[in-house]
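Written out below as C-alpha cells is the structure these notes cover.
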Amino acid sequence: MDFEDRKSPFDVASDRCGELGVHLSTDDDEDNEEGGAGQKTFKDEEAVLSSDLKWLEELYEEDDSDMDGDGDLAVAAVNDKKRSYAETARMFKLRRNLDQLDCFYRQKEHDVLKAREELKLCRQNVESLLEQRDKLEKDIEQQRAEDNSVAVFRLRAQHKNLCQKLQCEEELEAHISTGLKQQKMELSEVEVELGRFSSLRQEVQEEERVFQVHKNQKAATRLQQERKASQNLQLKMQHLRDKQAAMLRKEEAECQRKIEEGQASRKTAAKYLKETIKRMRQREAEKEQENRKLLEKRIQAVKSLKSNIAATQESLRVNQSRAKANTHKKEQRQRQLRESLQAQGINSIKHMYQQKQLEELKRKQEEFEDRQKSNRVEIVSKILQEEQLVKNRKRHQARLPKPTTTDKYPSLGRAREKILYYLDPSPPSATKESATIQLRQFNDSSSSPSASSDVEDLRETMHQEVDDQSLADSLAEPEFSGLWDQNYKMLLNEKTTLVQMEVKQEELAVASGKLSIPPKKVHGKELKGPPFISKPEVILFKDFEVGKLYKKKIVLTNISYVTNHCKLLGVSAHLKDFMSINFEPPGSLSTGMSCDMQAVFQPMINEDLEGEVHFASAVGPFSVPVRCSIKRCDLEVDSQFIDFGSHVVGQTISWTITLTNKGALPTLFSLDTRLSPETSHAQMASHVSAITCQETSSQSRTSVDQSSSVSLGTGELQPKQESQEISEAQQEHSESESSATGPEAIPETCVSPDVDAQMGKSHSDSNDIRLGNVKEGEIGPFESIPLEVVFTPTIPGGAKLDFHIKFSDLTSKPIPIQVRGVAVGVPVWVVQPNIDLKICMFDRLYQDSIMVQSRASTALKLTFEVCPEMRKHMEILPKTGFIQAQSGFNAQLKFLPRSSLSKDANNLFDKDTGVLEVPLTVQVAGQVKPVHFTVHAVVTSSNLQFEPTEVDFGICSIYQSVKSSVRLTNLSLLPQDFGFLGVPEFIEVQPNDGFGTLLPQETLEIDLVFSANKAKEYNFQLTCRSGINRDFLLSCRAVGVHPPLALSHSLVQFGATAVGDHSTAILYLINHQNNHNQSKQQAPRLFSFTLPKDSDISITPSTGRLLPGERCLVQVTFRPRLLDQDIKEEALRLLHRAKFLCEKELERNRHAEQETKKEVPLETSKGKKASVVPKTSTVSDVRNADQLTEPSNPADIQTGSEQYEEARASLLYSFTQRYSEYTVPCFVSDGDPPEEDRQAQPPWSPFNNLYLKLQCLAVQPPLVVISNHGHNVIDFHQVAVGEKVIKRFTVQNISRESLDLRSSMLDICGPFSLLNALRCLRPGGKQTLVLAFSPSLEKKYCESLEVRSQKMTLEMTVCGEGVFPAVTSSHPGGLLDFGYVLEKESTSHVLKLKNSSAVAVGFRVPLASLCPSQPQDGADRVAFLLGSYRDSQVQPTVGTQNYSGLSVFSVVPVEGSIAPGQSQDITVTFQPDHPAVNYSDRLTIELINKSKVCVVDLRGAASSHNMYLFGGDRLTVPVESLLPPLITGQPQFTAESEVMEKPTIPVLVTLRASYSAGVITPAVRELQVGCISSTQPSKKSGEFYWDNVASLQQLGFIVEPTKGTVETGHKRTLTVTWTPHCGYKPHEVVQTCLPLTLKGDETNVYRVTLMALVSTTSD
C-alpha cells in the first residue's frame, strides 16, 4: 500500500472520529527529525500542546529544582540520559492517539456485528414472507378450483401486498449487504493500520514503564522531604509549649499575689461591714417595734369594724326585705288597678301611661323648683364666703405680709341682707347641719374600694341640698335658739327624709340585683356587658383650664358575637355646651373590628363635669363615661405619726417629713400648733376657707383615729365617728329621729371645755418637741417641701406634739401630725435588747456584737451571764469588763449550735419549729436590777437528701443515652447553693449542668443522662457539694453494651404538624462490620420496632433482616389525630350543655306561660285560645327534653354518630397544640433462627436493643373538611363502566391567615378528575372541590388527592369501583311487528329490562326517527328508489310517518335508571294517523356508557277499514311522501255510479315453479286476510270470497279457501298453488286476474293478478 500518494488509514480514522488532533510519527519521521520540515512540524506540535499536560510541565520544573540539590544524585545516576519534556509529551500524545485508534477499531467491529445481525434478521423476514407467499398461492389455486371469485380476489390482493413487502425486504437485504461489505473493508483497513503501529505501541509501553519508575522515585524523594519538614515543625511546637508553660507559671504567681492582696482587703472590708451591719440591725429593731405597735392598732380597728359591719348587714337585710314587700304591694296594686280598669271597659295601658306622664311632669316641676332653690343658695353662699374671707383677713392682718383687701368690700353686709330678702326670707336652720355631716360621712365611706358606684349617684343627688345646708351652717348662730329655728329644722328634716327614702329604694334595687334589664342574647350566647368597649374606658380631661381647647381620640371595638354597628346618639345634656363628638358611622363591624371618634372639649366654667356619650347598636344601647376635672390641690405627707423612740436627756434628734402636692394648683400652707383644730374654724387669712364646725371636728376625729391619739377629748369622739362611717347605710334608711341624733352631739363636742383643757396640756407636754425653721410658705404644683421636727428631751418621760398643716385652698383639709418621744435616764443599758441571729445552721459559728451604753459619770463593772443550758452552744467574750463613763462597751457573742441542742436546752428550743429564744443578763456592779436582753434565732439543718440514694441506669448502648431522675431535697430553712463536682465525661447532670440553688424545703428533680463510651460495667459516685462545703454522695452503676446495629439518628424532632397532616423523617438502620468479633458479625440480624399503643407514629419497615455491612432506610411518619376518648368526652360535654340549655328554655317557657295566664283573662274566647298556646309549647318542649337522652358514659357514644362528629368538629376548632414524646424500642436478634427449625423464635438479647426518641408537636389544622362528616375519604362506591359520577366536598380555612390552595396531580389516565380550580381562601372562607369518577374497566380504583397550603397538606383518599352493567331485555332484538291497526287508534307492546348488576344503571331508549344526528336512512331510500325495490324482504329503517309530524311510534319512559336487582317496563306504542302499510322505525336500548342492550326494528300498518289483505308483491316504493296527493279535479258522481264504479285495489302475486332434473315443483304463495280489533263497539267480524274461481283451475291455479269469515282480532291464510298443465311451454308466463271481496264495516274489492312462470335457477 502506497503511503505517499494518500493518507494513512490512521489519518483517515482520525479525521472520521473527529477527536485526534495529533498524528503519530513513524520511524521514518523520527529519522528525519533533523530536517527542516521535520523540525518545523515538531515545533508546531510543541506549540499546540494541550492544556491537560500542564502538570507534566510542573513535574519537570520540580525535577529540575530537585536535580539541583544533593538528594537526587542517585536518581540522576540511574537515568543515563535525562528525559526531555518534549519526549514525555510525545509519549502521552502517542498513548492518547493509540487509545483513540483502539476505540475506533472497537466501534468498527461493533458496527460490523450489528450489520450482520440486521442482515440475519432481514433474511429471516424474507424467508417468512416467501413461506406466506407460497401458502397464499396454494389458497388461490384452491379457491379458483372452488370457483370462489370473491375469495380469489381477496387472496390476490393479499398476495400482491405480500409481494410488495417481499420486494422491500429484498431491497433492504441488498442495502444491508452492501453496507456490511463496506464496513468489513473499513475494519480491515483499521486492522492494517493497527499492525503498522504495533512497534510504536511497544515503544510507548516501554516509555510509560520508565516514566512510572521515574515518578515513583520522585514520590519517595518528596516523602523524605515531608518527613524532614515534619520533624522541624515538631521541634518548633515543643519550643512553643515550653515558652507557654513558663508564661503560665508566671501568670499563676501573679494571680496568687492578687489573691493574697484581695484577702487582705476583704479582712479590712469585713471590719467596716460588721459596723455597718450593726447599725442596720439597730434600725431594724426600731422598725420592728414600730410595726408591732401599728399592728396592734390595726387589729383593734378591724375588730370594731367587723362588729359594725355585722350590724350594718343585718339592717340592710331588713331593709331589703321591706323593699321587696313594698315592691310586691306596688305590683299587686297595679295589677288590681289594671283588672278593675279592664272590667270597666277602660284601656288600662293608656290610663297607666297617662298616670306615668303626669307623675313625670310633676317630678320635673319639683326638680325645677329644687334647681331654683339651689341657685338661690349658691348666690347666698358666695356672698357669705366673701364676707367670711373679709373677716379672716381683718383678723390675721398682722401675720400676713400682704395688705388686706377689706376696704374693697364696704357694702357687703347691706348687699347680703338685700339679696337674702329677695331670694329667701326664711332664716337658715340648724337641721341642715345634720344632712351636711351625713353626706360628708357618706362621701368618706364611698371613697373606699368596697363602696359601690350607687353611692356616687346618691352623692350627686343630694349634692345641691347639702350645699344649701352647709352654707346655712356656716352662718353665725344666735346665742339663744328660738322657735323659728325649730320650725325650720322640722321642714328640712321632712325634706331630707323624703330624699333619703328615694335613695334607699334605688340602692335596694341595685343591691338586690333586680333591675329589669333584659339579657342580651346572640346566637344562643348571653352577651354580658356593653357590645362595644372603648379605649380608653373613660374619656378623661384632667386639670383643664377655662377657654382652652382639648381633643382626645377614642377607639370603639366590637366585642359582641355578631356583626354590629354603632350610631352616635349624643352626649349628656349638661355637657352639650362644652363638648362635641366627631364621629363618622363606620357601617357594619365584625367581631373584633374597631372604629375611631374624636372628643373635643372646650370648658367655659371652672367646675368638675361628668357625663356620658350615648351610642346605639344592633344589640342595644351603650355609653362611654366622660370625666372632666379642674385643677385642684392634692396634698399629702409621707408620715402623720413621728415616733422618736427613747433618747437620753440632752440629745437633739431631728426628723424630716415631706409635704407633697400631687395636684396642679398651688396653695399656701402653715403649721399651726397654738390652737387645736377642734375649736378653730379658720386661723389663717387668705388661705383658710370658711369651714363649718362639724366638718372640722369630723376631720380632727379621723386624723386622731389614724394616729392613735391618747387625748381625752379625742378618745370620746372616736367611737362615734367609727359608728357613723361604718353604718352609713343605717343612717340613710333610718327614721328622721335617728338621723338627727348625730348632729346634735357634734356641736357639743365643738364647745366642750374638756378639749380646751386637753389642748393646753398637750402644749405643755410638747416643749421638748419643736418645729423647724420652715413653718409656712407656698407649695407649687407637683412640688415637695421638707418639714423638720426637732426633739430635744430635757427631763425623763414621754413628750408629744400635735399640730396641723393648714392650707389656703378651700377644698384641702388640714393634715394632722402627731409627734411622740421618750426621754430615758438609765445609766447602763443594752442598745439592742433583742438580738436576732435570724436563721442559723447546726455546727456553724455565728457571731454578733453586744453594745452596752453608760450614762454614769464613773466606770462600772459588767458581768455577762449565760444560762447553764446554753453554755455548750453560746459564749460571750469577755465575760467581765469595765465600761467607762459616758461611753460604750462591746462584747462578742459567739453562737455554735450543736446537734445536742434539743436535749441540752429543751425548754428554750422548739424542736418542731427550730425557734430558739435565750434570755441573757448583764450584771452591773452597784446596781440591784440587772440588764436583761434576749437572743433570738431559728436553728435549722444543713443537710441535702437524695431520693433514691442509689441510681441504676441498667443496660445502655454506646449509641444511646439513658436518663434517670433523682430528687434532691433541701432540709434546711435557708436556701443552699449546690453543685456536682468531678462529673465523669460519660455522665451529664441537668438542669444548669448540675449547679443551682435550692430554696428552703424545696425539692428539685435532677436529670442524670448516662452515655456509655465503651462496652463495660460502670460503678461510680457523684459528689454534690453544698455552699458550705459539705459533700453528699450518690452511688451510680450501669452496663455499657455495643449493639450490632446502629441508627443514623436516635432523636427525631418533628416540626409543628397540623391534625390531619403528616410529617415524615428518614433515617438509616446500619449493620456495621466488626473486625474484632468476626464470627458473630457474619451472622445476619433481625430487627423489630415496637410502637406505643394508640400513638400517631408509624414506622416503615417495622421489621426486617440486615446482612453484615448493609443498611436499611427507615421511614418514620407522624400523623396527629384526635383521640377517640377525647372525642367521646367532648360529645358527652356537648350533650350535657344541650340538656342544660333545654331545661333553661323550658323554665323560661313555664315562666312566660304563668305570666300569660295571669295577664290574659279567661272569660273571653280569645283568652281561651291564647291560654292553649303555652300548653302546646310546653308539651313540645317536654318532648324535646325527653328526646335528649344522654349517655352517662363516654363509651356509650357510638363512633361515627352525629354526636361523635359534632364533638370531633368542636375539638378541631378549639384545638391549640399538643406536645408528645415517644421512645420506640428496636429489638435486635443475635442471628437467624436455627436451621433445624426455621419457625422457631431467633435468640433476642436486651444488650442489642436500640431506642429511637420522637418529639412530636401537633397544632390546629388551618384547613378542615366540613362536608362528609369531616371524613377524608371520598368513596364513589360502585359505578357502572362508562358512567360518570360527580361528588363534592368542602374545605374551610379556620386559621387567621389567608391560604393559597393547590392540589396534587391525579393520574391523567385514571378515572378520577378534579373539575374546578382552587383559589386563595381567606380566614373563615370555604371552598368546594368537585371530583368526577368515570371508570373504564371493571376493577377497584384508589388515588390520593393532596390539597396543599403554606402550613399543611390535607390528604384526601378517593376510591371507587368500576362495575360492568348487566342489563337484559325480554325482547332478544330484531323485528317487532305490530300488525294492522285502524287509523287514529293505537296498540302497545311492553319490553322488560332487568338489572342483574350490583349498581344502579341508567338507560336511554332513542328512536331512529327522533335522532337528528342520524341521516334517517337516506341511503336506504336511495336504494329503494334506484334499485330493486320490489323485493319484499327489503325494508327501510325509518318508513312512513304520520302527517301530523308526531312520531308514529312512541316510547315511555325515554330514559331512566334501574336499581340493582330491579326491573323496568318500557312501553312501545304504535299510533298511526292515516292508512299505510310501510310504517317502520328502529328502537335502540342503550346504557349510559353507550353500550347497547338490544336493537328492535318496529313495523306496523294502518287501515281505514277493519278488513285488510296482506301479502303479494310490492307494487310501490316503501317510502311515501308526507305531502297529500295532488287532486286536479273533483268529478261529480251519483250514488249508484259511486257504488258501481268504486275503484279496486290491485294486488300482484307472482308464482315461480322450479324445474330440476325433469321434475317441476309447483309454486305456492300465501295471502293473509285479517280483521282488525277496535276499541269501538260498532266494529264486527268480516268475511271474504273469491269470484271466478272456476276459470283458475283451467290455468293450473288452486285457491283455498274460496270464502270464509274472520273474527275480530284474527286473520286467516289464503293459499294459492300453481301447477303447470301438460301443454305448458317453457318460458311462458301464465297470467290471470280475479277479484277478492272483503266485507267488514265497508266492502273492498281487491283485484288480484296471478302471474306464474317456471324458473330453472334457484333464487
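So you can find residues: chains in the C-alpha cells are A, B, ... in the order shown, residues in each start at 1, and ligands are numbered from 1 in order.
Shell of A:Pro1546 at 7 Å, with only C-alpha atoms counted and residues fewer than 5 places along the chain excluded, is Tyr1646, Arg1647 and Val1648 of chain A.
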Write a file of the just-selected residues containing N, CA, C and O atoms, as a compact mmCIF listing (two decimals), in the first residue's frame.
```
# COMPACT_ATOMS: atom_id res chain seq x y z
N TYR A 1646 -110.46 -6.38 -3.99
CA TYR A 1646 -109.05 -6.42 -4.37
C TYR A 1646 -108.93 -7.13 -5.71
O TYR A 1646 -109.45 -8.25 -5.87
N ARG A 1647 -108.32 -6.52 -6.66
CA ARG A 1647 -108.08 -7.13 -7.98
C ARG A 1647 -106.74 -7.85 -7.92
O ARG A 1647 -105.70 -7.25 -8.02
N VAL A 1648 -106.83 -9.18 -7.71
CA VAL A 1648 -105.63 -9.99 -7.53
C VAL A 1648 -105.20 -10.51 -8.89
O VAL A 1648 -105.98 -11.21 -9.59
```
Check your understanding: Neighbours of A:Ser1295 within 8 Å (only C-alpha atoms; same-chain residues fewer than 4 positions away dropped), as a PyMOL selection string?
Key -> chain A and resi 1261-1263+1323-1324
Would you put the residues from that selection into a file with C-alpha atoms, as a compact mmCIF listing (two decimals), in the first residue's frame?
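Generated file (part.txt):
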```txt
# COMPACT_ATOMS: atom_id res chain seq x y z
CA PRO A 1261 -55.16 22.42 61.28
CA PRO A 1262 -55.71 25.59 59.26
CA LEU A 1263 -57.75 23.61 56.76
CA PRO A 1323 -59.92 33.25 57.09
CA GLY A 1324 -63.25 31.53 57.60
```
Practice item. For A:Ile955, work out the shell of residues within 12 Å, counting only C-alpha atoms and skipping chain neighbours fewer than 2 positions away, then give it as a ChimeraX atom specification. Key: /A:952-953,957-963,1010-1012,1015-1018,1037-1043,1245-1251
For the residues selected in the previous step, produce a file with C-alpha atoms as an mmCIF file, in the first residue's frame.
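Written out: selection.cif:
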```cif
data_model
loop_
_atom_site.group_PDB
_atom_site.id
_atom_site.type_symbol
_atom_site.label_atom_id
_atom_site.label_comp_id
_atom_site.auth_asym_id
_atom_site.auth_seq_id
_atom_site.Cartn_x
_atom_site.Cartn_y
_atom_site.Cartn_z
ATOM 1 C CA ASP A 952 -29.097 2.025 88.446
ATOM 2 C CA PHE A 953 -29.061 3.007 84.770
ATOM 3 C CA SER A 957 -25.990 1.156 74.359
ATOM 4 C CA ILE A 958 -22.964 3.141 73.313
ATOM 5 C CA TYR A 959 -25.178 4.754 70.635
ATOM 6 C CA GLN A 960 -27.874 5.784 73.095
ATOM 7 C CA SER A 961 -28.241 7.781 76.292
ATOM 8 C CA VAL A 962 -30.207 6.730 79.351
ATOM 9 C CA LYS A 963 -31.873 9.312 81.577
ATOM 10 C CA PHE A 1010 -25.653 8.461 81.096
ATOM 11 C CA SER A 1011 -23.889 7.945 77.752
ATOM 12 C CA ALA A 1012 -21.633 4.906 77.688
ATOM 13 C CA ALA A 1015 -18.843 -1.650 76.418
ATOM 14 C CA LYS A 1016 -18.134 -2.375 80.105
ATOM 15 C CA GLU A 1017 -19.587 -2.141 83.606
ATOM 16 C CA TYR A 1018 -19.660 1.253 85.322
ATOM 17 C CA ARG A 1037 -23.974 1.906 88.294
ATOM 18 C CA ALA A 1038 -24.613 0.943 84.672
ATOM 19 C CA VAL A 1039 -23.652 -1.571 81.998
ATOM 20 C CA GLY A 1040 -22.440 -0.312 78.620
ATOM 21 C CA VAL A 1041 -23.046 -2.562 75.610
ATOM 22 C CA HIS A 1042 -22.105 -2.399 71.924
ATOM 23 C CA PRO A 1043 -25.197 -3.317 69.833
ATOM 24 C CA SER A 1245 -30.779 -10.150 73.679
ATOM 25 C CA PRO A 1246 -31.566 -6.993 75.672
ATOM 26 C CA PHE A 1247 -27.965 -5.894 75.087
ATOM 27 C CA ASN A 1248 -28.786 -5.358 71.398
ATOM 28 C CA ASN A 1249 -31.794 -3.085 71.911
ATOM 29 C CA LEU A 1250 -31.840 0.338 70.267
ATOM 30 C CA TYR A 1251 -34.106 3.229 71.223
#
```
Quick one: residues within 12 Å of stretch 1587-1602 of chain A, only C-alpha atoms, excluding same-chain residues fewer than 5 positions away - as a PDB file with N, CA and C atoms, in the first residue's frame?
```
ATOM      1  N   VAL A1549     -99.541 -11.220  -7.462  1.00  0.00           N
ATOM      2  CA  VAL A1549     -98.971 -12.415  -6.819  1.00  0.00           C
ATOM      3  C   VAL A1549     -98.202 -13.173  -7.884  1.00  0.00           C
ATOM      4  N   THR A1550     -96.916 -13.292  -7.744  1.00  0.00           N
ATOM      5  CA  THR A1550     -96.049 -13.980  -8.698  1.00  0.00           C
ATOM      6  C   THR A1550     -95.707 -15.343  -8.136  1.00  0.00           C
ATOM      7  N   LEU A1551     -95.939 -16.376  -8.965  1.00  0.00           N
ATOM      8  CA  LEU A1551     -95.649 -17.739  -8.551  1.00  0.00           C
ATOM      9  C   LEU A1551     -94.555 -18.286  -9.450  1.00  0.00           C
ATOM     10  N   ALA A1553     -92.506 -21.656 -10.290  1.00  0.00           N
ATOM     11  CA  ALA A1553     -92.313 -23.107 -10.125  1.00  0.00           C
ATOM     12  C   ALA A1553     -90.897 -23.447 -10.526  1.00  0.00           C
ATOM     13  N   PRO A1562     -94.427 -27.537  -7.943  1.00  0.00           N
ATOM     14  CA  PRO A1562     -95.463 -26.497  -8.003  1.00  0.00           C
ATOM     15  C   PRO A1562     -95.057 -25.286  -7.146  1.00  0.00           C
ATOM     16  N   ALA A1563     -95.582 -24.149  -7.562  1.00  0.00           N
ATOM     17  CA  ALA A1563     -95.337 -22.897  -6.846  1.00  0.00           C
ATOM     18  C   ALA A1563     -96.478 -22.615  -5.884  1.00  0.00           C
ATOM     19  N   VAL A1564     -96.151 -22.196  -4.665  1.00  0.00           N
ATOM     20  CA  VAL A1564     -97.152 -21.939  -3.622  1.00  0.00           C
ATOM     21  C   VAL A1564     -96.902 -20.540  -3.054  1.00  0.00           C
ATOM     22  N   ARG A1565     -97.955 -19.744  -2.943  1.00  0.00           N
ATOM     23  CA  ARG A1565     -97.903 -18.415  -2.299  1.00  0.00           C
ATOM     24  C   ARG A1565     -99.045 -18.291  -1.318  1.00  0.00           C
ATOM     25  N   GLU A1566     -98.847 -17.500  -0.271  1.00  0.00           N
ATOM     26  CA  GLU A1566     -99.858 -17.320   0.763  1.00  0.00           C
ATOM     27  C   GLU A1566    -100.224 -15.858   0.873  1.00  0.00           C
ATOM     28  N   LEU A1567    -101.519 -15.617   1.058  1.00  0.00           N
ATOM     29  CA  LEU A1567    -102.066 -14.296   1.351  1.00  0.00           C
ATOM     30  C   LEU A1567    -102.788 -14.378   2.686  1.00  0.00           C
ATOM     31  N   GLN A1568    -102.791 -13.277   3.422  1.00  0.00           N
ATOM     32  CA  GLN A1568    -103.445 -13.250   4.720  1.00  0.00           C
ATOM     33  C   GLN A1568    -104.541 -12.210   4.732  1.00  0.00           C
ATOM     34  N   VAL A1569    -105.718 -12.658   5.249  1.00  0.00           N
ATOM     35  CA  VAL A1569    -106.883 -11.791   5.389  1.00  0.00           C
ATOM     36  C   VAL A1569    -107.125 -11.644   6.882  1.00  0.00           C
ATOM     37  N   ARG A1612    -106.741 -14.988   8.650  1.00  0.00           N
ATOM     38  CA  ARG A1612    -106.761 -16.305   8.000  1.00  0.00           C
ATOM     39  C   ARG A1612    -105.823 -16.271   6.810  1.00  0.00           C
ATOM     40  N   THR A1613    -105.260 -17.468   6.529  1.00  0.00           N
ATOM     41  CA  THR A1613    -104.288 -17.578   5.452  1.00  0.00           C
ATOM     42  C   THR A1613    -104.965 -18.140   4.207  1.00  0.00           C
ATOM     43  N   LEU A1614    -104.744 -17.453   3.075  1.00  0.00           N
ATOM     44  CA  LEU A1614    -105.242 -17.915   1.763  1.00  0.00           C
ATOM     45  C   LEU A1614    -104.051 -18.477   0.996  1.00  0.00           C
ATOM     46  N   THR A1615    -104.182 -19.751   0.538  1.00  0.00           N
ATOM     47  CA  THR A1615    -103.091 -20.422  -0.161  1.00  0.00           C
ATOM     48  C   THR A1615    -103.393 -20.471  -1.645  1.00  0.00           C
ATOM     49  N   VAL A1616    -102.411 -20.004  -2.448  1.00  0.00           N
ATOM     50  CA  VAL A1616    -102.542 -20.034  -3.922  1.00  0.00           C
ATOM     51  C   VAL A1616    -101.467 -20.972  -4.444  1.00  0.00           C
ATOM     52  N   THR A1617    -101.863 -22.031  -5.154  1.00  0.00           N
ATOM     53  CA  THR A1617    -100.937 -23.038  -5.684  1.00  0.00           C
ATOM     54  C   THR A1617    -101.057 -23.076  -7.208  1.00  0.00           C
ATOM     55  N   TRP A1618     -99.883 -23.081  -7.824  1.00  0.00           N
ATOM     56  CA  TRP A1618     -99.894 -23.167  -9.311  1.00  0.00           C
ATOM     57  C   TRP A1618     -99.084 -24.383  -9.740  1.00  0.00           C
ATOM     58  N   THR A1619     -99.733 -25.238 -10.549  1.00  0.00           N
ATOM     59  CA  THR A1619     -99.083 -26.414 -11.123  1.00  0.00           C
ATOM     60  C   THR A1619     -99.219 -26.308 -12.643  1.00  0.00           C
ATOM     61  N   PRO A1620     -98.121 -26.290 -13.383  1.00  0.00           N
ATOM     62  CA  PRO A1620     -98.228 -26.138 -14.846  1.00  0.00           C
ATOM     63  C   PRO A1620     -99.001 -27.335 -15.452  1.00  0.00           C
ATOM     64  N   HIS A1621     -99.772 -27.030 -16.447  1.00  0.00           N
ATOM     65  CA  HIS A1621    -100.537 -28.080 -17.125  1.00  0.00           C
ATOM     66  C   HIS A1621     -99.654 -28.799 -18.121  1.00  0.00           C
ATOM     67  N   CYS A1622    -100.255 -29.743 -18.814  1.00  0.00           N
ATOM     68  CA  CYS A1622     -99.422 -30.609 -19.667  1.00  0.00           C
ATOM     69  C   CYS A1622     -98.898 -29.874 -20.880  1.00  0.00           C
ATOM     70  N   GLY A1623     -99.587 -28.963 -21.360  1.00  0.00           N
ATOM     71  CA  GLY A1623     -99.143 -28.272 -22.567  1.00  0.00           C
ATOM     72  C   GLY A1623     -98.407 -26.997 -22.298  1.00  0.00           C
ATOM     73  N   TYR A1624     -97.824 -26.900 -21.168  1.00  0.00           N
ATOM     74  CA  TYR A1624     -97.098 -25.655 -20.809  1.00  0.00           C
ATOM     75  C   TYR A1624     -95.820 -25.557 -21.611  1.00  0.00           C
ATOM     76  N   VAL A1629     -95.318 -17.204 -19.569  1.00  0.00           N
ATOM     77  CA  VAL A1629     -95.869 -16.600 -18.374  1.00  0.00           C
ATOM     78  C   VAL A1629     -97.375 -16.749 -18.412  1.00  0.00           C
ATOM     79  N   VAL A1630     -97.913 -17.381 -17.375  1.00  0.00           N
ATOM     80  CA  VAL A1630     -99.347 -17.568 -17.259  1.00  0.00           C
ATOM     81  C   VAL A1630     -99.876 -16.477 -16.335  1.00  0.00           C
ATOM     82  N   GLN A1631    -100.869 -15.767 -16.803  1.00  0.00           N
ATOM     83  CA  GLN A1631    -101.381 -14.619 -16.048  1.00  0.00           C
ATOM     84  C   GLN A1631    -102.880 -14.627 -16.110  1.00  0.00           C
ATOM     85  N   THR A1632    -103.504 -14.359 -14.942  1.00  0.00           N
ATOM     86  CA  THR A1632    -104.953 -14.226 -14.875  1.00  0.00           C
ATOM     87  C   THR A1632    -105.278 -13.228 -13.775  1.00  0.00           C
ATOM     88  N   CYS A1633    -106.502 -12.774 -13.743  1.00  0.00           N
ATOM     89  CA  CYS A1633    -106.922 -11.757 -12.759  1.00  0.00           C
ATOM     90  C   CYS A1633    -108.285 -12.161 -12.234  1.00  0.00           C
ATOM     91  N   LEU A1634    -108.476 -12.089 -10.941  1.00  0.00           N
ATOM     92  CA  LEU A1634    -109.745 -12.376 -10.318  1.00  0.00           C
ATOM     93  C   LEU A1634    -109.906 -11.463  -9.102  1.00  0.00           C
ATOM     94  N   PRO A1635    -111.195 -11.091  -8.815  1.00  0.00           N
ATOM     95  CA  PRO A1635    -111.427 -10.192  -7.668  1.00  0.00           C
ATOM     96  C   PRO A1635    -111.554 -10.984  -6.368  1.00  0.00           C
ATOM     97  N   LEU A1636    -111.130 -10.307  -5.266  1.00  0.00           N
ATOM     98  CA  LEU A1636    -111.279 -10.823  -3.909  1.00  0.00           C
ATOM     99  C   LEU A1636    -112.025  -9.765  -3.121  1.00  0.00           C
ATOM    100  N   THR A1637    -113.190 -10.153  -2.617  1.00  0.00           N
ATOM    101  CA  THR A1637    -114.057  -9.204  -1.924  1.00  0.00           C
ATOM    102  C   THR A1637    -113.938  -9.426  -0.427  1.00  0.00           C
ATOM    103  N   LEU A1638    -113.730  -8.306   0.270  1.00  0.00           N
ATOM    104  CA  LEU A1638    -113.648  -8.323   1.732  1.00  0.00           C
ATOM    105  C   LEU A1638    -114.772  -7.455   2.279  1.00  0.00           C
ATOM    106  N   VAL A1645    -112.933  -4.429  -2.661  1.00  0.00           N
ATOM    107  CA  VAL A1645    -112.659  -5.435  -3.693  1.00  0.00           C
ATOM    108  C   VAL A1645    -111.196  -5.291  -4.097  1.00  0.00           C
ATOM    109  N   TYR A1646    -110.456  -6.381  -3.989  1.00  0.00           N
ATOM    110  CA  TYR A1646    -109.054  -6.416  -4.368  1.00  0.00           C
ATOM    111  C   TYR A1646    -108.934  -7.130  -5.705  1.00  0.00           C
ATOM    112  N   ARG A1647    -108.323  -6.523  -6.663  1.00  0.00           N
ATOM    113  CA  ARG A1647    -108.083  -7.130  -7.978  1.00  0.00           C
ATOM    114  C   ARG A1647    -106.744  -7.846  -7.917  1.00  0.00           C
ATOM    115  N   VAL A1648    -106.826  -9.180  -7.715  1.00  0.00           N
ATOM    116  CA  VAL A1648    -105.635  -9.991  -7.529  1.00  0.00           C
ATOM    117  C   VAL A1648    -105.199 -10.514  -8.889  1.00  0.00           C
ATOM    118  N   THR A1649    -103.998 -10.191  -9.267  1.00  0.00           N
ATOM    119  CA  THR A1649    -103.423 -10.654 -10.535  1.00  0.00           C
ATOM    120  C   THR A1649    -102.439 -11.755 -10.208  1.00  0.00           C
ATOM    121  N   LEU A1650    -102.719 -12.976 -10.792  1.00  0.00           N
ATOM    122  CA  LEU A1650    -101.860 -14.128 -10.589  1.00  0.00           C
ATOM    123  C   LEU A1650    -100.986 -14.283 -11.809  1.00  0.00           C
ATOM    124  N   MET A1651     -99.658 -14.269 -11.626  1.00  0.00           N
ATOM    125  CA  MET A1651     -98.691 -14.394 -12.717  1.00  0.00           C
ATOM    126  C   MET A1651     -97.747 -15.519 -12.329  1.00  0.00           C
ATOM    127  N   ALA A1652     -97.669 -16.554 -13.210  1.00  0.00           N
ATOM    128  CA  ALA A1652     -96.895 -17.755 -12.905  1.00  0.00           C
ATOM    129  C   ALA A1652     -95.920 -18.026 -14.030  1.00  0.00           C
ATOM    130  N   LEU A1653     -94.767 -18.605 -13.688  1.00  0.00           N
ATOM    131  CA  LEU A1653     -93.744 -18.982 -14.649  1.00  0.00           C
ATOM    132  C   LEU A1653     -92.889 -20.051 -13.994  1.00  0.00           C
TER     133      LEU A1653
END
```
Check your understanding: Which neighbours of A:Asp910 fall inside 12 Å, counting only C-alpha atoms, when residues of the same chain fewer than 6 positions from it are skipped, and could you give them as number ranges by chain?
Key -> A: 901-904, 916-918, 937-940
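Take atom CA of A:Gly1640 and atom CA of A:His1610: the distance between them is 13.2 Å.
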Would you list the contacts of A:Thr1357 as a PDB file with C-alpha atoms, in the first residue's frame, taking every protein, DNA or RNA residue within 10 Å and counting only C-alpha atoms, but skipping same-chain residues closer than 4 positions in sequence?
```
ATOM      1  CA  HIS A1271     -64.042  12.316  56.771  1.00  0.00           C
ATOM      2  CA  ASN A1272     -61.056  12.482  54.417  1.00  0.00           C
ATOM      3  CA  VAL A1273     -62.237   9.527  52.332  1.00  0.00           C
ATOM      4  CA  ILE A1274     -64.431  10.148  49.282  1.00  0.00           C
ATOM      5  CA  ASP A1275     -65.950   6.829  48.262  1.00  0.00           C
ATOM      6  CA  CYS A1342     -57.943   4.318  44.664  1.00  0.00           C
ATOM      7  CA  GLU A1343     -55.906   7.526  44.475  1.00  0.00           C
ATOM      8  CA  SER A1344     -54.737  10.243  46.843  1.00  0.00           C
ATOM      9  CA  LEU A1345     -55.547  13.897  46.293  1.00  0.00           C
ATOM     10  CA  GLU A1346     -53.479  16.386  48.272  1.00  0.00           C
TER      11      GLU A1346
END
```
